[in-house]
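Student: Before I ask anything, here is the structure I am working with.
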Number of protein chains: 4
Amino acid sequence: MADLLYRPRHSLVAQSSKSEEMSQPFNGDGFGVGWYAPEIDSYPCVMKAAVPAWSNTNAKSLSTKIRSGLVFAHIRGASPGMAVQQTNCHPFSFGPFLFMHNGSIDHFARLRRRLQQGLSDRAFESIEGTTDSEHAFAVFLDLVGDPAAPHTPEALRTALVATIARLADLARGIDASASLYLNFAVTDGVSTVVSRFAAGANAAASLHYSAGSRYVVDGEDGDMLETDAPTFGAVMVASEPLTRRPEDWKTVPENHTLTIDSGLRIGLDPIAL
Amino acid sequence: MADLLYRPRHSLVAQSSKSEEMSQPFNGDGFGVGWYAPEIDSYPCVMKAAVPAWSNTNAKSLSTKIRSGLVFAHIRGASPGMAVQQTNCHPFSFGPFLFMHNGSIDHFARLRRRLQQGLSDRAFESIEGTTDSEHAFAVFLDLVGDPAAPHTPEALRTALVATIARLADLARGIDASASLYLNFAVTDGVSTVVSRFAAGANAAASLHYSAGSRYVVDGEDGDMLETDAPTFGAVMVASEPLTRRPEDWKTVPENHTLTIDSGLRIGLDPIAL
Amino acid sequence: MADLLYRPRHSLVAQSSKSEEMSQPFNGDGFGVGWYAPEIDSYPCVMKAAVPAWSNTNAKSLSTKIRSGLVFAHIRGASPGMAVQQTNCHPFSFGPFLFMHNGSIDHFARLRRRLQQGLSDRAFESIEGTTDSEHAFAVFLDLVGDPAAPHTPEALRTALVATIARLADLARGIDASASLYLNFAVTDGVSTVVSRFAAGANAAASLHYSAGSRYVVDGEDGDMLETDAPTFGAVMVASEPLTRRPEDWKTVPENHTLTIDSGLRIGLDPIAL
Amino acid sequence: MADLLYRPRHSLVAQSSKSEEMSQPFNGDGFGVGWYAPEIDSYPCVMKAAVPAWSNTNAKSLSTKIRSGLVFAHIRGASPGMAVQQTNCHPFSFGPFLFMHNGSIDHFARLRRRLQQGLSDRAFESIEGTTDSEHAFAVFLDLVGDPAAPHTPEALRTALVATIARLADLARGIDASASLYLNFAVTDGVSTVVSRFAAGANAAASLHYSAGSRYVVDGEDGDMLETDAPTFGAVMVASEPLTRRPEDWKTVPENHTLTIDSGLRIGLDPIAL
């Protein structure tokens, strides 16, 4: 985990104070990480704190000891008016799922009630904080069905796209030109689906991915090793590249999802609402 | 403020680690204080933190400098499952109102949705945390009417009793024998109403009051000075007595409100649902 | 880790709010845990937070995923005047060592300078907080020698006893009848030494141990399974018993150390200053 | 206080996330404010928290109610390796004094011991955290003499300059070309002295001041009103201008102090070591 979060020059935690592609250069309102230990059970372990990533000594110590085949991590820059508290930090978890979000939803304060009215009791009661992001996760939970059943990558993707459609409907019900920035990542511990989506005037937030035989960190530099094999040994998705070589990374096209299955096969599909 | 919170042997902060009448002897899940500065405006000032009162050095420093004619203070022992975070600390505020709660509501997780559906948008959107207490305050806000208008003590009391009735209805709709412990305190900065209420099997949580010409702290002892005058110069209401002499205090009868008006006249009235 | 910290009725975290043998019934000023992952490296992983153990959701999640052959955990009740902050939480770590303390040292504010003057630069600069406990660890670090070299259990014990002697000397230099309560635990990740020591008028703080073939948790009950073998498979040391059967536990005699070597052989030795 | 901290477009809290003159654009490692209420006593009130200023809702609420003739406020960007904790936040206080620092001292880890050895017990024991800044304050406390006695502005200035000289001596004792950035501010609640000082290769950190008849905030703009009178009604000193008009501000020359006496007379004097 330290190879992703701390060791390289462009690690996620380095990005927390020197972001190059975000609208503001720092994200100091919280830090969270979730990962799986399938040798123990199928539920993720989650650590979150409403302190800047750069001063989180617990996460730094822990990252040197955790090895996992599937890690989610998130640095938060709170939207104005959203409380800086642990329950508002990402990733959110429920059953086997982890979920995180980079973006925002116009008019969330006004559409929240209508969104909540459409939720099942279980999804409604899963909400502990106040963010648009966690509410989007609750919508997803209702759309994906029984958390205890296995899910195909396609089922995860279908539920995530339907979540985006539902949120877009709600926002446009209030304002036809509402802006939504919905870069989501969701996993059930087996497959992962990531979206890059924007509605309204502006471009979607950045989203990149890198795939290769292996990700290695040498000194302060992270590298994705190339592969000729038809399958990958390592896949990373990030708002900003983590490795030193720009050519390691490709951009997820706007209004597309990226799906990664249990064999690390990746697929890009347009989001058709 | 230090004369209430810190200086006497039985101060509120001393009670936070050595409560004598509560079901558990300590309340370490948060601390909040609210007060008014009418020479500046009619809105309360609120400081809250999700740390134990006994280690809150900011509150200790501040208390030595704040003099106010009307102070609310609350030490929190979180109900199981309720997040320990600042937005869940009392007192809650909206417009000129402060509100706090000692108690709990059976089946809150299940009745929360129905409660929220009955709220106005303004009251719904005022909710920042997840406690039953803050939801009760939202019910009160809808019942008390325009926060910008002046309120008589009777109007505050009527709205508080109606809040209790509404909560009891909601809980009994789920379970006819549901327990509710609703010791509330509310003020608009002018008058204050406090309730001692329980429904279901057990006795209400403790509630005491003390009135006299003046409250003075001498060394480690707080005393309420007696008066023969028809009106009082100081009134205190607390879950546990703050002064050294038990005879300074009277008990609020169960299922009664205590009303304190702008002239510090006090009235006890039964809660008839 | 959850079998020690959370699952049983008398888990360490349950003890944080319902201690039965401590001078105060709760310890809400911090929580820390340290453990080893020898398959990765010889340094401990440490997580500490200045929040009550009972509301630390990160530790609860993490504990379900961490399995380790050697775990230290500590719930803190701060001595008066000692800041409630992460750097004052136990266990303290340096190189391969973990160290924690239950107790206090009379006149620490006055003896701190003299203690610091006797430290090496390395030990002095290792101190991040302000507790007597961390200063005791700094004394130990100088007495135990090169942290990178292997240490026999006897070498750890000798250094811990010398630390106690040095602290007793310093306190008695100020006041011949000074009280010291020095229940320490130290490990290098291989062997562990624990002390139960008091000087001055009163009895030492409680300290118990339990050894058997295996520690198992069944529902809400923890049990130490007996063994006839000459060696043990599990050893626990705690200020209060963690399992349901009192007969699982023996008391460490006052002014003794308990040493546990890499083969889980245990030895009790008097502390001769 | 809100007119300084929150209301204007370039308020101190706005600067905490959009600094224009600092080496990094944000300072999210803590926030502190200290002020005097001479109608109560001569000791400052201090509120500090190790959270970013921009999410400190307590400070925001409090600032609307506090009026004081003398306010210190500080946003912290921690030096690497310095713990992010409340005891490391500025301003520091002792008796009637407040003290804060923008800058750093080369080789502090190594010179700390020698610095401490030269302190009186009282100054040594006043140190609660680990920053170079608080240690500089301890040096000042020894040099300024009895905190209970009144101090002339000249006496404060002499002690501050002697503090700078002592720190420069200590640093140069380790490395003749050591860099020191010593922008200090100190007050006894009556007069205030501020320094702008650098030794070593680079320029001193920025420091500006503004004086006029009155500081007023109109909408999102703060203005210092001009005056023809020989004395001022308002003086502000800041690392970055707080008002909209650049012409309101003058720069403190490098290696100078700015002294403000009880009549708001200001003096600029070179620092001669």
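Just so we're on the same page: first chain in the structure tokens is A, next is B, and so on; residues restart at 1 for each chain, and ligands are numbered from 1 in the order they show up.
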From a DSSP calculation on the backbone, collect every residue of segment 55-233 of chain D in helix (DSSP H, G or I) and output the set as a CSV table (one decimal) with C-alpha atoms, in the first residue's frame.
Tutor:
```csv
chain,number,residue,atom,x,y,z
D,55,SER,CA,-13.4,23.9,8.4
D,57,THR,CA,-16.9,25.9,12.6
D,58,ASN,CA,-16.3,26.8,16.2
D,59,ALA,CA,-13.9,29.6,15.3
D,60,LYS,CA,-16.3,30.9,12.7
D,61,SER,CA,-19.2,31.1,15.3
D,62,LEU,CA,-17.0,32.6,18.0
D,63,SER,CA,-15.5,35.2,15.7
D,86,GLN,CA,-3.1,21.3,19.2
D,87,THR,CA,-0.1,21.9,21.4
D,88,ASN,CA,2.0,22.8,18.3
D,108,PHE,CA,16.4,22.7,15.3
D,109,ALA,CA,16.4,19.0,16.1
D,110,ARG,CA,20.1,19.3,17.0
D,111,LEU,CA,20.1,22.6,18.8
D,112,ARG,CA,17.0,21.9,20.9
D,113,ARG,CA,18.9,20.3,23.7
D,114,ARG,CA,21.4,23.1,24.0
D,115,LEU,CA,18.6,25.6,23.9
D,116,GLN,CA,16.7,23.7,26.7
D,117,GLN,CA,19.8,23.5,28.8
D,121,ASP,CA,12.9,25.6,35.1
D,122,ARG,CA,9.8,27.8,34.6
D,123,ALA,CA,10.5,28.4,30.9
D,124,PHE,CA,11.4,24.7,30.4
D,125,GLU,CA,8.3,23.5,32.0
D,132,ASP,CA,11.0,25.5,17.3
D,133,SER,CA,8.5,28.3,17.7
D,134,GLU,CA,7.4,27.3,21.2
D,135,HIS,CA,11.0,26.9,22.2
D,136,ALA,CA,11.8,30.4,20.9
D,137,PHE,CA,9.0,31.6,23.1
D,138,ALA,CA,10.6,29.9,26.1
D,139,VAL,CA,13.8,31.7,25.4
D,140,PHE,CA,11.8,35.0,25.3
D,141,LEU,CA,10.1,34.2,28.6
D,142,ASP,CA,13.5,34.0,30.3
D,143,LEU,CA,14.8,37.1,28.7
D,144,VAL,CA,11.7,39.3,29.4
D,153,PRO,CA,7.4,48.4,24.7
D,154,GLU,CA,11.1,48.8,24.7
D,155,ALA,CA,11.5,46.0,27.2
D,156,LEU,CA,9.5,43.7,25.1
D,157,ARG,CA,11.5,44.7,22.0
D,158,THR,CA,14.8,44.2,23.8
D,159,ALA,CA,13.8,40.7,24.9
D,160,LEU,CA,12.6,39.8,21.4
D,161,VAL,CA,15.8,41.0,19.7
D,162,ALA,CA,17.8,39.1,22.4
D,163,THR,CA,15.8,36.0,21.6
D,164,ILE,CA,16.7,36.3,17.9
D,165,ALA,CA,20.3,36.8,18.8
D,166,ARG,CA,20.3,33.7,21.1
D,167,LEU,CA,18.7,31.6,18.4
D,168,ALA,CA,21.1,32.8,15.7
D,169,ASP,CA,24.0,32.0,18.1
D,170,LEU,CA,22.7,28.5,18.7
D,171,ALA,CA,22.1,27.7,15.0
D,172,ARG,CA,25.5,29.1,13.9
D,173,GLY,CA,27.2,27.1,16.6
D,174,ILE,CA,26.1,24.1,14.6
```
Student: For Leu242 of chain B, work out the shell of residues within 12 Å, counting only C-alpha atoms and skipping chain neighbours fewer than 6 positions away, then give it as a VMD selection string.
Tutor: chain B and resid 3 to 15 19 to 20 207 to 210 215 to 217 220 to 224 235 to 236 248 to 249
Student: Check the smallest atom-to-atom distance from each of C:Ala234, C:Ala53, C:Met82, C:Ile260 to chain D using only C-alpha atoms, then report the winner.
Tutor: C:Met82
Student: Skip Ala83 of chain A itself and residues of its chain fewer than 2 positions away, then list as a ChimeraX atom specification all residues within 9 Å of it, counting only C-alpha atoms.
Tutor: /A:78-81,85,88,129-131 /B:87,128 /D:55
Student: Would you write out those residues with C-alpha atoms, as a JSON list (two decimals), in the first residue's frame?
Tutor:
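Printed below is part-v6.json as written:
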```json
[["chain", "number", "residue", "atom", "x", "y", "z"],
["A", 78, "ALA", "CA", -14.83, 19.01, 0.80],
["A", 79, "SER", "CA", -17.44, 20.84, -1.24],
["A", 80, "PRO", "CA", -18.39, 24.14, 0.45],
["A", 81, "GLY", "CA", -20.84, 23.59, 3.28],
["A", 85, "GLN", "CA", -15.97, 14.67, 9.51],
["A", 88, "ASN", "CA", -18.16, 12.11, 5.14],
["A", 129, "GLY", "CA", -22.96, 11.26, 6.76],
["A", 130, "THR", "CA", -24.26, 14.10, 4.64],
["A", 131, "THR", "CA", -22.43, 13.97, 1.31],
["B", 87, "THR", "CA", -22.29, 17.55, 14.15],
["B", 128, "GLU", "CA", -26.38, 18.13, 9.77],
["D", 55, "SER", "CA", -13.35, 23.88, 8.37]]
```
Student: Using only C-alpha atoms, which protein or nucleic acid residues come within 10 Å of Pro150 of chain C? Drop anything in the same chain fewer than 3 positions from it, and give the result as JSON, numbers by chain.
Tutor: {"C": [96, 145, 146, 147, 153, 155, 188, 190]}
Student: Could you state the separation of atom CA of Ala50 of chain B and atom CA of Arg76 of chain B in Å, given to one decimal place?
Tutor: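 Pair atom CA of Ala50 of chain B / atom CA of Arg76 of chain B returns 8.7 Å.
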Student: Any chance you could list, as number ranges by chain, the residues in segment 106-259 of chain A that come up strand (DSSP E) when DSSP is run on the backbone?
Tutor: A: 180-187, 192-196, 198-199, 208-212, 214-218, 221-225, 234-238, 250-251, 256-259
Student: Taking only C-alpha atoms into account, which residues of chain C are within 7 Å of chain A, as an MDAnalysis selection string?
Tutor: chainID C and resid 37 40 45:48 58 61:62 65
Student: Quick one, how far is atom CA of Gly30 of chain B from atom CA of Trp54 of chain D?
Tutor: 21.3 Å
Student: Can you work out the spacing between atom CA of Asn183 of chain A and atom CA of Ala199 of chain A in Å, to one decimal?
Tutor: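 Straight-line distance from atom CA of Asn183 of chain A to atom CA of Ala199 of chain A works out to 11.4 Å.
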Student: Need to verify the contact set: Leu258 of chain D, 6 Å, only C-alpha atoms, exclusion of same-chain residues closer than 5 positions in sequence. Can you return it as a ChimeraX atom specification?
Tutor: /D:193-194,267-268
